[in-house]
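A.B. asks: Input: one structure, supplied below.
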Amino acid sequence: MNCSAASFIVNLDVPDLAAAEAFYTEAFSLRIGRRLGPGALELLGGPTPLYLLQNDAGSAATEDGDVRDYERHWTPVHLDWVVADIDAALARAVAAGATLERRVRERRWGKIAVLADPFGHGFCLIQFSEAGYDALLE
């Protein structure tokens, strides 16, 4: 059985679909693709579709009784937005409602800023240097 993936999509639970639509279209210039009923929205313009899924705080997240909360959290998976101008992208994200958690820092491979969206999802803005991650090769 061949399980190679030709592409992937990103799903993001949010407690307020309209607010999430406003944030992600304003902060990252994504555009609306399809509205998939009243609780799901496809956003296009990045390298893969981003699906915003309306799931209220306190709603069941698993069959084991876990519930969703939108307090600030990190998960093993988060979005890194690669940008050409980190200062402009940072200003745009904060103006759209993001919270800056760690200011822009220089690394061998470029610059990074750590933020959270209005719902507590962590994300980073990354501006690669000319070498990018190749600067880390040994």
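For the structure tokens, the naming scheme is as follows: chains receive sequential letters (A, B, ...) according to their order of presentation, residues are indexed from 1 within each chain, and ligands are indexed from 1 in presentation order.
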Extract the full set of alpha helix (DSSP H) residues from region 12-42 of chain A according to DSSP on the backbone, and format it as a list of chain:residue names.
C.D. replies: A:Leu17, A:Ala18, A:Ala19, A:Ala20, A:Glu21, A:Ala22, A:Phe23, A:Tyr24, A:Thr25, A:Glu26, A:Ala27, A:Phe28
A.B. asks: Would you output that residue set with all heavy atoms, as a JSON list (two decimals), in the first residue's frame?
C.D. replies:
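Once written, out_38.json looks like this:
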```json
[["chain", "number", "residue", "atom", "x", "y", "z"],
["A", 17, "LEU", "N", -15.65, 31.92, 14.32],
["A", 17, "LEU", "CA", -15.28, 31.81, 12.91],
["A", 17, "LEU", "C", -15.14, 33.17, 12.24],
["A", 17, "LEU", "O", -14.18, 33.40, 11.50],
["A", 17, "LEU", "CB", -16.29, 30.93, 12.17],
["A", 17, "LEU", "CG", -15.89, 30.48, 10.77],
["A", 17, "LEU", "CD1", -14.60, 29.67, 10.78],
["A", 17, "LEU", "CD2", -17.02, 29.66, 10.15],
["A", 18, "ALA", "N", -16.03, 34.08, 12.51],
["A", 18, "ALA", "CA", -15.96, 35.41, 11.89],
["A", 18, "ALA", "C", -14.71, 36.16, 12.33],
["A", 18, "ALA", "O", -14.03, 36.79, 11.51],
["A", 18, "ALA", "CB", -17.22, 36.22, 12.21],
["A", 19, "ALA", "N", -14.38, 36.09, 13.61],
["A", 19, "ALA", "CA", -13.18, 36.76, 14.10],
["A", 19, "ALA", "C", -11.92, 36.11, 13.53],
["A", 19, "ALA", "O", -10.96, 36.80, 13.18],
["A", 19, "ALA", "CB", -13.14, 36.74, 15.63],
["A", 20, "ALA", "N", -11.93, 34.80, 13.41],
["A", 20, "ALA", "CA", -10.78, 34.09, 12.83],
["A", 20, "ALA", "C", -10.62, 34.44, 11.35],
["A", 20, "ALA", "O", -9.51, 34.66, 10.87],
["A", 20, "ALA", "CB", -10.93, 32.59, 13.01],
["A", 21, "GLU", "N", -11.72, 34.51, 10.63],
["A", 21, "GLU", "CA", -11.68, 34.93, 9.22],
["A", 21, "GLU", "C", -11.05, 36.31, 9.11],
["A", 21, "GLU", "O", -10.15, 36.53, 8.29],
["A", 21, "GLU", "CB", -13.09, 34.94, 8.64],
["A", 21, "GLU", "CG", -13.17, 35.48, 7.24],
["A", 21, "GLU", "CD", -14.60, 35.59, 6.73],
["A", 21, "GLU", "OE1", -15.51, 34.91, 7.26],
["A", 21, "GLU", "OE2", -14.81, 36.38, 5.78],
["A", 22, "ALA", "N", -11.50, 37.24, 9.93],
["A", 22, "ALA", "CA", -10.96, 38.60, 9.89],
["A", 22, "ALA", "C", -9.47, 38.60, 10.20],
["A", 22, "ALA", "O", -8.68, 39.24, 9.49],
["A", 22, "ALA", "CB", -11.71, 39.50, 10.87],
["A", 23, "PHE", "N", -9.06, 37.88, 11.24],
["A", 23, "PHE", "CA", -7.65, 37.86, 11.62],
["A", 23, "PHE", "C", -6.78, 37.27, 10.52],
["A", 23, "PHE", "O", -5.80, 37.89, 10.09],
["A", 23, "PHE", "CB", -7.43, 37.08, 12.92],
["A", 23, "PHE", "CG", -5.96, 36.96, 13.26],
["A", 23, "PHE", "CD1", -5.27, 38.04, 13.76],
["A", 23, "PHE", "CD2", -5.28, 35.78, 13.03],
["A", 23, "PHE", "CE1", -3.91, 37.95, 14.04],
["A", 23, "PHE", "CE2", -3.93, 35.68, 13.31],
["A", 23, "PHE", "CZ", -3.24, 36.77, 13.82],
["A", 24, "TYR", "N", -7.08, 36.08, 10.04],
["A", 24, "TYR", "CA", -6.20, 35.40, 9.09],
["A", 24, "TYR", "C", -6.20, 36.05, 7.70],
["A", 24, "TYR", "O", -5.20, 36.00, 6.99],
["A", 24, "TYR", "CB", -6.51, 33.90, 9.03],
["A", 24, "TYR", "CG", -5.89, 33.21, 10.23],
["A", 24, "TYR", "CD1", -6.63, 32.96, 11.37],
["A", 24, "TYR", "CD2", -4.56, 32.87, 10.24],
["A", 24, "TYR", "CE1", -6.05, 32.37, 12.49],
["A", 24, "TYR", "CE2", -3.96, 32.28, 11.34],
["A", 24, "TYR", "CZ", -4.72, 32.04, 12.46],
["A", 24, "TYR", "OH", -4.12, 31.47, 13.57],
["A", 25, "THR", "N", -7.30, 36.68, 7.31],
["A", 25, "THR", "CA", -7.28, 37.39, 6.02],
["A", 25, "THR", "C", -6.52, 38.70, 6.14],
["A", 25, "THR", "O", -5.79, 39.08, 5.23],
["A", 25, "THR", "CB", -8.71, 37.63, 5.48],
["A", 25, "THR", "OG1", -9.49, 38.34, 6.43],
["A", 25, "THR", "CG2", -9.38, 36.31, 5.11],
["A", 26, "GLU", "N", -6.65, 39.39, 7.27],
["A", 26, "GLU", "CA", -5.95, 40.66, 7.46],
["A", 26, "GLU", "C", -4.47, 40.45, 7.75],
["A", 26, "GLU", "O", -3.62, 41.14, 7.19],
["A", 26, "GLU", "CB", -6.59, 41.46, 8.60],
["A", 26, "GLU", "CG", -7.96, 41.99, 8.28],
["A", 26, "GLU", "CD", -8.64, 42.62, 9.47],
["A", 26, "GLU", "OE1", -7.94, 43.13, 10.37],
["A", 26, "GLU", "OE2", -9.89, 42.59, 9.52],
["A", 27, "ALA", "N", -4.14, 39.54, 8.63],
["A", 27, "ALA", "CA", -2.76, 39.35, 9.06],
["A", 27, "ALA", "C", -1.88, 38.73, 7.97],
["A", 27, "ALA", "O", -0.71, 39.07, 7.85],
["A", 27, "ALA", "CB", -2.69, 38.49, 10.32],
["A", 28, "PHE", "N", -2.44, 37.83, 7.16],
["A", 28, "PHE", "CA", -1.63, 37.07, 6.21],
["A", 28, "PHE", "C", -2.09, 37.16, 4.77],
["A", 28, "PHE", "O", -1.63, 36.41, 3.92],
["A", 28, "PHE", "CB", -1.55, 35.60, 6.65],
["A", 28, "PHE", "CG", -1.01, 35.47, 8.05],
["A", 28, "PHE", "CD1", -1.83, 35.10, 9.09],
["A", 28, "PHE", "CD2", 0.32, 35.75, 8.32],
["A", 28, "PHE", "CE1", -1.34, 35.01, 10.39],
["A", 28, "PHE", "CE2", 0.83, 35.66, 9.61],
["A", 28, "PHE", "CZ", 0.00, 35.28, 10.64]]
```
A.B. asks: Quick one: everything within 7 Å of region 39-54 of chain A, counting only C-alpha atoms, minus sequence neighbours fewer than 2 positions away in the same chain. Send it as a PDB file with all heavy atoms, in the first residue's frame.
C.D. replies:
```pdb
ATOM      1  N   PHE A   8      -1.038  18.308   1.683  1.00  0.00           N
ATOM      2  CA  PHE A   8      -1.680  18.244   2.975  1.00  0.00           C
ATOM      3  C   PHE A   8      -2.463  19.531   3.174  1.00  0.00           C
ATOM      4  O   PHE A   8      -2.278  20.501   2.452  1.00  0.00           O
ATOM      5  CB  PHE A   8      -0.675  18.027   4.119  1.00  0.00           C
ATOM      6  CG  PHE A   8       0.289  19.167   4.304  1.00  0.00           C
ATOM      7  CD1 PHE A   8       0.017  20.187   5.203  1.00  0.00           C
ATOM      8  CD2 PHE A   8       1.464  19.215   3.589  1.00  0.00           C
ATOM      9  CE1 PHE A   8       0.900  21.238   5.363  1.00  0.00           C
ATOM     10  CE2 PHE A   8       2.355  20.258   3.747  1.00  0.00           C
ATOM     11  CZ  PHE A   8       2.073  21.273   4.633  1.00  0.00           C
ATOM     12  N   ILE A   9      -3.353  19.512   4.148  1.00  0.00           N
ATOM     13  CA  ILE A   9      -4.114  20.698   4.505  1.00  0.00           C
ATOM     14  C   ILE A   9      -3.909  20.955   6.000  1.00  0.00           C
ATOM     15  O   ILE A   9      -3.452  20.078   6.726  1.00  0.00           O
ATOM     16  CB  ILE A   9      -5.609  20.562   4.170  1.00  0.00           C
ATOM     17  CG1 ILE A   9      -6.244  19.413   4.958  1.00  0.00           C
ATOM     18  CG2 ILE A   9      -5.811  20.383   2.678  1.00  0.00           C
ATOM     19  CD1 ILE A   9      -7.741  19.311   4.808  1.00  0.00           C
ATOM     20  N   VAL A  10      -4.242  22.150   6.435  1.00  0.00           N
ATOM     21  CA  VAL A  10      -4.136  22.515   7.841  1.00  0.00           C
ATOM     22  C   VAL A  10      -5.534  22.870   8.337  1.00  0.00           C
ATOM     23  O   VAL A  10      -6.223  23.683   7.717  1.00  0.00           O
ATOM     24  CB  VAL A  10      -3.175  23.708   8.032  1.00  0.00           C
ATOM     25  CG1 VAL A  10      -3.147  24.155   9.486  1.00  0.00           C
ATOM     26  CG2 VAL A  10      -1.774  23.352   7.544  1.00  0.00           C
ATOM     27  N   ASN A  11      -5.947  22.252   9.445  1.00  0.00           N
ATOM     28  CA  ASN A  11      -7.216  22.555  10.097  1.00  0.00           C
ATOM     29  C   ASN A  11      -6.919  23.254  11.409  1.00  0.00           C
ATOM     30  O   ASN A  11      -6.045  22.830  12.165  1.00  0.00           O
ATOM     31  CB  ASN A  11      -8.005  21.279  10.388  1.00  0.00           C
ATOM     32  CG  ASN A  11      -8.436  20.584   9.125  1.00  0.00           C
ATOM     33  OD1 ASN A  11      -9.117  21.170   8.298  1.00  0.00           O
ATOM     34  ND2 ASN A  11      -8.046  19.340   8.964  1.00  0.00           N
ATOM     35  N   LEU A  12      -7.652  24.323  11.696  1.00  0.00           N
ATOM     36  CA  LEU A  12      -7.442  25.094  12.904  1.00  0.00           C
ATOM     37  C   LEU A  12      -8.775  25.328  13.595  1.00  0.00           C
ATOM     38  O   LEU A  12      -9.667  25.972  13.033  1.00  0.00           O
ATOM     39  CB  LEU A  12      -6.783  26.433  12.548  1.00  0.00           C
ATOM     40  CG  LEU A  12      -6.311  27.305  13.687  1.00  0.00           C
ATOM     41  CD1 LEU A  12      -5.223  26.621  14.498  1.00  0.00           C
ATOM     42  CD2 LEU A  12      -5.777  28.618  13.130  1.00  0.00           C
ATOM     43  N   ASP A  13      -8.939  24.757  14.806  1.00  0.00           N
ATOM     44  CA  ASP A  13     -10.151  24.991  15.596  1.00  0.00           C
ATOM     45  C   ASP A  13     -10.128  26.412  16.135  1.00  0.00           C
ATOM     46  O   ASP A  13      -9.109  26.870  16.657  1.00  0.00           O
ATOM     47  CB  ASP A  13     -10.208  24.030  16.790  1.00  0.00           C
ATOM     48  CG  ASP A  13     -10.541  22.608  16.397  1.00  0.00           C
ATOM     49  OD1 ASP A  13     -10.876  22.363  15.229  1.00  0.00           O
ATOM     50  OD2 ASP A  13     -10.460  21.735  17.280  1.00  0.00           O
ATOM     51  N   VAL A  14     -11.246  27.092  16.026  1.00  0.00           N
ATOM     52  CA  VAL A  14     -11.386  28.454  16.539  1.00  0.00           C
ATOM     53  C   VAL A  14     -12.743  28.589  17.229  1.00  0.00           C
ATOM     54  O   VAL A  14     -13.702  27.940  16.832  1.00  0.00           O
ATOM     55  CB  VAL A  14     -11.245  29.521  15.425  1.00  0.00           C
ATOM     56  CG1 VAL A  14      -9.842  29.487  14.815  1.00  0.00           C
ATOM     57  CG2 VAL A  14     -12.298  29.339  14.340  1.00  0.00           C
ATOM     58  N   PRO A  15     -12.838  29.442  18.250  1.00  0.00           N
ATOM     59  CA  PRO A  15     -14.116  29.615  18.931  1.00  0.00           C
ATOM     60  C   PRO A  15     -15.043  30.615  18.248  1.00  0.00           C
ATOM     61  O   PRO A  15     -16.227  30.666  18.552  1.00  0.00           O
ATOM     62  CB  PRO A  15     -13.702  30.130  20.314  1.00  0.00           C
ATOM     63  CG  PRO A  15     -12.445  30.884  20.038  1.00  0.00           C
ATOM     64  CD  PRO A  15     -11.753  30.123  18.934  1.00  0.00           C
ATOM     65  N   ASP A  16     -14.509  31.403  17.310  1.00  0.00           N
ATOM     66  CA  ASP A  16     -15.293  32.454  16.658  1.00  0.00           C
ATOM     67  C   ASP A  16     -14.860  32.523  15.198  1.00  0.00           C
ATOM     68  O   ASP A  16     -13.821  33.100  14.877  1.00  0.00           O
ATOM     69  CB  ASP A  16     -15.050  33.784  17.370  1.00  0.00           C
ATOM     70  CG  ASP A  16     -15.890  34.922  16.825  1.00  0.00           C
ATOM     71  OD1 ASP A  16     -16.237  34.905  15.619  1.00  0.00           O
ATOM     72  OD2 ASP A  16     -16.173  35.856  17.592  1.00  0.00           O
ATOM     73  N   LEU A  17     -15.650  31.920  14.322  1.00  0.00           N
ATOM     74  CA  LEU A  17     -15.275  31.805  12.914  1.00  0.00           C
ATOM     75  C   LEU A  17     -15.137  33.166  12.242  1.00  0.00           C
ATOM     76  O   LEU A  17     -14.184  33.401  11.497  1.00  0.00           O
ATOM     77  CB  LEU A  17     -16.287  30.931  12.167  1.00  0.00           C
ATOM     78  CG  LEU A  17     -15.892  30.484  10.767  1.00  0.00           C
ATOM     79  CD1 LEU A  17     -14.604  29.665  10.783  1.00  0.00           C
ATOM     80  CD2 LEU A  17     -17.016  29.661  10.145  1.00  0.00           C
ATOM     81  N   LEU A  30      -4.636  36.116   3.323  1.00  0.00           N
ATOM     82  CA  LEU A  30      -5.306  34.941   2.778  1.00  0.00           C
ATOM     83  C   LEU A  30      -6.664  35.382   2.243  1.00  0.00           C
ATOM     84  O   LEU A  30      -7.203  36.404   2.654  1.00  0.00           O
ATOM     85  CB  LEU A  30      -5.472  33.873   3.856  1.00  0.00           C
ATOM     86  CG  LEU A  30      -4.167  33.334   4.438  1.00  0.00           C
ATOM     87  CD1 LEU A  30      -4.469  32.333   5.556  1.00  0.00           C
ATOM     88  CD2 LEU A  30      -3.295  32.710   3.362  1.00  0.00           C
ATOM     89  N   ARG A  31      -7.191  34.599   1.329  1.00  0.00           N
ATOM     90  CA  ARG A  31      -8.493  34.939   0.741  1.00  0.00           C
ATOM     91  C   ARG A  31      -9.456  33.770   0.954  1.00  0.00           C
ATOM     92  O   ARG A  31      -9.042  32.609   1.067  1.00  0.00           O
ATOM     93  CB  ARG A  31      -8.371  35.290  -0.729  1.00  0.00           C
ATOM     94  CG  ARG A  31      -7.947  34.162  -1.612  1.00  0.00           C
ATOM     95  CD  ARG A  31      -7.731  34.572  -3.066  1.00  0.00           C
ATOM     96  NE  ARG A  31      -7.418  33.420  -3.891  1.00  0.00           N
ATOM     97  CZ  ARG A  31      -6.267  32.786  -3.910  1.00  0.00           C
ATOM     98  NH1 ARG A  31      -5.275  33.176  -3.152  1.00  0.00           N
ATOM     99  NH2 ARG A  31      -6.085  31.732  -4.691  1.00  0.00           N
ATOM    100  N   ILE A  32     -10.716  34.090   0.986  1.00  0.00           N
ATOM    101  CA  ILE A  32     -11.742  33.080   1.204  1.00  0.00           C
ATOM    102  C   ILE A  32     -11.842  32.187  -0.011  1.00  0.00           C
ATOM    103  O   ILE A  32     -11.926  32.660  -1.144  1.00  0.00           O
ATOM    104  CB  ILE A  32     -13.091  33.750   1.504  1.00  0.00           C
ATOM    105  CG1 ILE A  32     -12.983  34.556   2.795  1.00  0.00           C
ATOM    106  CG2 ILE A  32     -14.209  32.722   1.577  1.00  0.00           C
ATOM    107  CD1 ILE A  32     -14.152  35.479   3.037  1.00  0.00           C
ATOM    108  N   GLY A  33     -11.814  30.888   0.253  1.00  0.00           N
ATOM    109  CA  GLY A  33     -12.047  29.889  -0.784  1.00  0.00           C
ATOM    110  C   GLY A  33     -13.508  29.497  -0.740  1.00  0.00           C
ATOM    111  O   GLY A  33     -14.368  30.198  -1.248  1.00  0.00           O
ATOM    112  N   ARG A  34     -13.779  28.399  -0.048  1.00  0.00           N
ATOM    113  CA  ARG A  34     -15.159  27.904   0.054  1.00  0.00           C
ATOM    114  C   ARG A  34     -15.656  28.016   1.494  1.00  0.00           C
ATOM    115  O   ARG A  34     -14.891  27.858   2.431  1.00  0.00           O
ATOM    116  CB  ARG A  34     -15.219  26.439  -0.372  1.00  0.00           C
ATOM    117  CG  ARG A  34     -14.770  26.224  -1.800  1.00  0.00           C
ATOM    118  CD  ARG A  34     -14.688  24.761  -2.137  1.00  0.00           C
ATOM    119  NE  ARG A  34     -13.538  24.164  -1.416  1.00  0.00           N
ATOM    120  CZ  ARG A  34     -13.247  22.872  -1.421  1.00  0.00           C
ATOM    121  NH1 ARG A  34     -13.996  22.021  -2.084  1.00  0.00           N
ATOM    122  NH2 ARG A  34     -12.196  22.416  -0.765  1.00  0.00           N
ATOM    123  N   ARG A  35     -16.945  28.289   1.625  1.00  0.00           N
ATOM    124  CA  ARG A  35     -17.600  28.187   2.933  1.00  0.00           C
ATOM    125  C   ARG A  35     -18.239  26.801   2.951  1.00  0.00           C
ATOM    126  O   ARG A  35     -19.066  26.481   2.108  1.00  0.00           O
ATOM    127  CB  ARG A  35     -18.644  29.274   3.097  1.00  0.00           C
ATOM    128  CG  ARG A  35     -18.003  30.645   3.201  1.00  0.00           C
ATOM    129  CD  ARG A  35     -18.994  31.706   3.657  1.00  0.00           C
ATOM    130  NE  ARG A  35     -18.353  33.002   3.649  1.00  0.00           N
ATOM    131  CZ  ARG A  35     -17.637  33.497   4.666  1.00  0.00           C
ATOM    132  NH1 ARG A  35     -17.486  32.796   5.763  1.00  0.00           N
ATOM    133  NH2 ARG A  35     -17.081  34.683   4.573  1.00  0.00           N
ATOM    134  N   LEU A  36     -17.819  26.003   3.910  1.00  0.00           N
ATOM    135  CA  LEU A  36     -18.257  24.617   3.978  1.00  0.00           C
ATOM    136  C   LEU A  36     -19.291  24.476   5.090  1.00  0.00           C
ATOM    137  O   LEU A  36     -19.054  23.873   6.122  1.00  0.00           O
ATOM    138  CB  LEU A  36     -17.049  23.702   4.213  1.00  0.00           C
ATOM    139  CG  LEU A  36     -15.928  23.877   3.170  1.00  0.00           C
ATOM    140  CD1 LEU A  36     -14.691  23.133   3.586  1.00  0.00           C
ATOM    141  CD2 LEU A  36     -16.402  23.450   1.794  1.00  0.00           C
ATOM    142  N   GLY A  37     -20.435  25.082   4.870  1.00  0.00           N
ATOM    143  CA  GLY A  37     -21.477  25.109   5.881  1.00  0.00           C
ATOM    144  C   GLY A  37     -21.213  26.241   6.862  1.00  0.00           C
ATOM    145  O   GLY A  37     -20.289  27.028   6.686  1.00  0.00           O
ATOM    146  N   ASP A  56     -16.631  25.587  19.610  1.00  0.00           N
ATOM    147  CA  ASP A  56     -16.742  26.448  20.776  1.00  0.00           C
ATOM    148  C   ASP A  56     -15.871  25.976  21.924  1.00  0.00           C
ATOM    149  O   ASP A  56     -15.645  24.772  22.104  1.00  0.00           O
ATOM    150  CB  ASP A  56     -18.193  26.526  21.239  1.00  0.00           C
ATOM    151  CG  ASP A  56     -19.092  27.185  20.211  1.00  0.00           C
ATOM    152  OD1 ASP A  56     -18.609  28.071  19.482  1.00  0.00           O
ATOM    153  OD2 ASP A  56     -20.276  26.810  20.132  1.00  0.00           O
TER     154      ASP A  56
END
```
A.B. asks: At what distance in Å, to one decimal, does CA of Ile112 (chain A) lie from CA of Leu136 (chain A)?
C.D. replies: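 Distance between the two atoms: 15.1 Å.
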A.B. asks: Write out as a list in words the residues lying within 9 Å of Ser59 (chain A), counting only C-alpha atoms and excluding same-chain residues fewer than 3 positions away.
C.D. replies: Asn55, Asp56, Asp66, Val67, Arg68 and Asp69 of chain A
A.B. asks: Which is closest to Ile86 (chain A) among A:Gly110, A:Gly65, A:Gly58, A:Gly122, if we use only C-alpha atoms?
C.D. replies: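 When distances to Ile86 (chain A) are compared using only C-alpha atoms, the smallest one comes from A:Gly110.
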A.B. asks: Go through A:Val94, A:Arg72, A:Ala84, A:Leu115 one by one, measure the shortest atom-to-atom distance of each to Ser129 (chain A) using only C-alpha atoms, and give the residue with the smallest value.
C.D. replies: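 Result for the nearest residue to Ser129 (chain A): A:Ala84.
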A.B. asks: Looking at only C-alpha atoms, which of A:Thr62, A:Thr99, A:Ser29, A:Ser7 is the one that sits closest to Ala113 (chain A)?
C.D. replies: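 Of A:Thr62, A:Thr99, A:Ser29, A:Ser7, the one nearest Ala113 (chain A) is A:Thr99, counting only C-alpha atoms.
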